[in-house]
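**Q** Below is the structure I would like to discuss, written out as structure tokens.
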Amino acid sequence: MFLIPDPVGRFFHRMASPPHFYAFTEKLMPWLVGIFLILLACGLYGGLYLAPPDYQQGDSYRIIYIHVPSAWMSLFIYIVMATTGAIGLIWRIKLAEIVAISSASVGASFTFIALVTGSLWGKPMWGAWWVWDARLTSELVLLFLYLGVIGLYNAIDDKRTASKAVAILALVGVVNIPIIHYSVEWWSTLHQGPTVTKMDKPSIHVSMLVPLLLMALAFKFYYVIAMLQRARLELLQRERTANWVKKMVTEQVQ
Amino acid sequence: MVAGAALATAFALKSFNENLMYFFSTTDVSAGKAPKDALFRLGGMVVKGSVQRPGDGLTVHFKLTDFSKEVAVEYTGILPDLFREGQGIVANGKLDNRGVFVAEEVLAKHDENYMPPEVKASLKAAVEQKKP
């Protein structure tokens with residue numbers, strides 16, 4: 001506890017309280033949406049107009065600005081889901097459970113987008129919509145993991161028990177994350193190797209890299225927005241008999 | 001439970017290694033490691049100057065290399081946009097008794113480099129200046 005500065009500790013402590021979380025995210029939302037729209041506009045303009053065509057793939061490579069950020073998000077959200085799931089499992093914090101399950105459907109959507117855009121990109125460039133190489137197969141397994149988490153959560157009526165089961169499933173599935181990331185290095189795949197996330201400098205020209213990073217940041221904000229909206233709804237449903245919800249509803253009715 | 005998950009992963013990775021190596025290299029094929037009379041995938045770079053089109057049909061002959069051994073390939077069909085000399089490709093097919101790989105499908109593998117055409121041209125010019 002000595003390592004965490006006092007205001008940071010207090011912030012997380014207060015965020016774990018449902019009424020405070022609900023009020024705080026409501027105030028935060030317009031800012032998040034504003035930043036997301038600005039980042040998205042800059043990223044798309046940079047990617048579709050300012051960035052030059054590629055020496056090999058011409059203009060077709062521009063699907064990278066959707067495909068790569070989505071694929072990064074599919075991994076990032078899974079890690080968030082597993083971490084908050086573990087926090088919920090260990091310390092029984094209700095809000096951590098809610099963040100975990102609210103992340104699942106956003107993560108599943110990004111995984112699906114990454115698979116579909118990859119398929120659309122694969123046909124003209126490789127000559128095939130789909131191949132069973134290690135990268136594509138492990139990413140498909142990730143989609144099934146997300147769907148498994150969503151299905152399991154909805155199959156159990158008691159939501160606290162459901163969250164526990166889902167957290168264990170999510171934690172077991174974490175093993176897939178390094179497999180996806182390193183699949184292109186461990187096995188010979190049709191999918192290309194890493195462009196941006198490798199040890200030496202990225203093998204993408206800076207004029208193409210900047211819009212890519214902007215889009216990645218925009219997608220991060222989109223995830224936070226979508227996840228928080230789902231979390232607020234889930235919170236209201238779980239706490240529908242709590243006093244703070246009753247008080248808020250009566251105040252709004254009057 | 002952790003041990004169970006670890007075991008399951010170990011088995012999955014092992015079968016992955018056996019079945020999901022996406023392609024054989026040309027050295028593997030020259031050494032006779034590739035299956036006979038069965039479909040398999042062969043990956044490599046198209047040797048510069050090896051692409052020939054005998055007749056006026058869709059049939060094309062070329063050689064693949066991993067910069068150590070070369071394998072001759074024969075293919076009839078439409079090639080992907082990125083197919084050209086010096087490009088990495090993966091072909092699906094089988095060896096015939098002459099040792100020629102008869103491909104049923106040709107897929108292009110692109111690398112992880114993205115840059116504008118001008119940068120590529122100046123890089124190439126810089127390499128050529130260094131050579132002599």
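Simple scheme: letters A, B, ... for chains in structure tokens order, numbers from 1 for residues in each chain, numbers from 1 for ligands in the order shown.
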Could you list, as JSON, numbers by chain, every residue within 10 Å of Thr65 of chain B, counting only C-alpha atoms and ignoring same-chain residues fewer than 3 positions away?
**A** {"B": [25, 26, 27, 43, 44, 45, 46, 47, 48, 68, 69, 70, 71, 72, 86, 88]}
**Q** Please identify all residues of chain B having at least one atom at most 8 Å from any atom of chain A, considering only C-alpha atoms, and return them as a list in words.
**A**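 The answer, sorted by residue number, is Val2, Ala5, Thr9, Phe16, Asn17, Leu20, Met21, Tyr22, Phe23, Leu79, Pro80, Asp81, Leu82, Val90, Val106, Leu107, Ala108, Lys109, His110, Asp111, Glu112, Asn113, Tyr114, Met115, Pro116, Pro117, Glu118 and Lys120 of chain B.
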**Q** Taking 2 positions as the minimum chain separation for residues in the same chain, which residues sit within 8 Å of segment 223-230 of chain A when counting only C-alpha atoms? Answer as a PyMOL selection string.
**A** chain A and resi 25+29+32-33+99+102-103+106+219-221+232-234
**Q** Give me the residues near Phe76 of chain A as a PyMOL selection string, where near means some atom within 10 Å (using only C-alpha atoms) and where sequence neighbours in that chain fewer than 6 positions away do not count.
**A** chain A and resi 70+107+177+220
**Q** Step one, run DSSP on the backbone; step two, keep only residues of chain B assigned to alpha helix (DSSP H); then write them as a PyMOL selection string.
**A** chain B and resi 2-19+26-30+117-130
**Q** Near Val60 of chain B, counting only C-alpha atoms, which residues have an atom at most 6 Å away, once you skip same-chain residues fewer than 6 positions from it, shown as a PyMOL selection string?
**A** chain B and resi 52-53+74-75
**Q** Those same residues, written as a PDB file, in the first residue's frame with C-alpha atoms?
**A**
ATOM      1  CA  GLN B  52       8.113 -18.607 -68.067  1.00  0.00           C
ATOM      2  CA  ARG B  53       4.830 -18.982 -69.894  1.00  0.00           C
ATOM      3  CA  GLU B  74       4.104 -25.570 -62.549  1.00  0.00           C
ATOM      4  CA  TYR B  75       0.714 -23.838 -62.202  1.00  0.00           C
TER       5      TYR B  75
END
**Q** Quick one: distance from atom CA of Ile98 of chain A to atom CA of Phe24 of chain A in Å, one decimal?
**A**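 Taking atom CA of Ile98 of chain A and atom CA of Phe24 of chain A, their separation equals 15.7 Å.
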**Q** Which distance in Å separates atom CA of Gly57 of chain B and atom CA of Ala38 of chain B, to one decimal?
**A**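 Distance reported for this atom pair: 26.2 Å.
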**Q** Can you list, as a CSV table (one decimal) with C-alpha atoms, in the first residue's frame, every residue of segment 9-131 of chain B that DSSP puts in strand (DSSP E)?
**A**
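Result saved to states24.csv:
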chain,number,residue,atom,x,y,z
B,24,PHE,CA,7.3,-26.6,-46.2
B,25,SER,CA,10.5,-24.8,-47.3
B,40,PHE,CA,1.1,-30.1,-49.2
B,41,ARG,CA,2.1,-26.4,-49.2
B,42,LEU,CA,5.4,-25.1,-50.5
B,43,GLY,CA,6.7,-21.7,-49.6
B,44,GLY,CA,9.5,-19.6,-51.0
B,45,MET,CA,10.6,-16.7,-53.1
B,46,VAL,CA,10.0,-16.7,-56.8
B,59,THR,CA,0.1,-22.3,-67.6
B,60,VAL,CA,3.1,-20.7,-65.9
B,61,HIS,CA,6.5,-22.3,-64.9
B,62,PHE,CA,8.7,-20.8,-62.2
B,63,LYS,CA,11.2,-21.7,-59.6
B,64,LEU,CA,11.0,-21.2,-55.8
B,65,THR,CA,13.9,-20.7,-53.5
B,70,GLU,CA,15.4,-24.4,-55.6
B,71,VAL,CA,12.3,-26.2,-56.6
B,72,ALA,CA,10.5,-26.0,-60.0
B,73,VAL,CA,6.8,-25.2,-59.9
B,74,GLU,CA,4.1,-25.6,-62.5
B,75,TYR,CA,0.7,-23.8,-62.2
B,76,THR,CA,-2.3,-23.3,-64.4
B,88,GLY,CA,7.4,-14.6,-51.4
B,89,ILE,CA,4.5,-17.1,-52.3
B,90,VAL,CA,2.9,-20.2,-50.9
B,91,ALA,CA,1.7,-22.9,-53.3
B,92,ASN,CA,-0.6,-25.8,-52.6
B,93,GLY,CA,-0.1,-28.9,-54.7
B,94,LYS,CA,2.0,-32.1,-54.9
B,95,LEU,CA,5.2,-33.3,-56.4
B,101,PHE,CA,5.8,-29.3,-57.8
B,102,VAL,CA,2.4,-29.1,-59.6
B,103,ALA,CA,0.4,-26.4,-57.8
B,104,GLU,CA,-3.3,-26.3,-57.6
B,105,GLU,CA,-3.4,-22.9,-55.8
B,106,VAL,CA,-0.9,-20.1,-55.5
B,107,LEU,CA,-1.1,-17.6,-52.6
B,108,ALA,CA,1.1,-14.5,-52.3
B,109,LYS,CA,2.8,-13.7,-49.0
**Q** Which residue, A:Gly47, A:Pro178, A:Gly151, A:Gly85, has the smallest gap to Pro211 of chain A when you use only C-alpha atoms?
**A**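 Smallest separation from Pro211 of chain A among the options: A:Gly47.
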**Q** Any idea what the distance is between atom CA of Val245 of chain A and atom CA of Ala100 of chain A?
**A** 21.8 Å
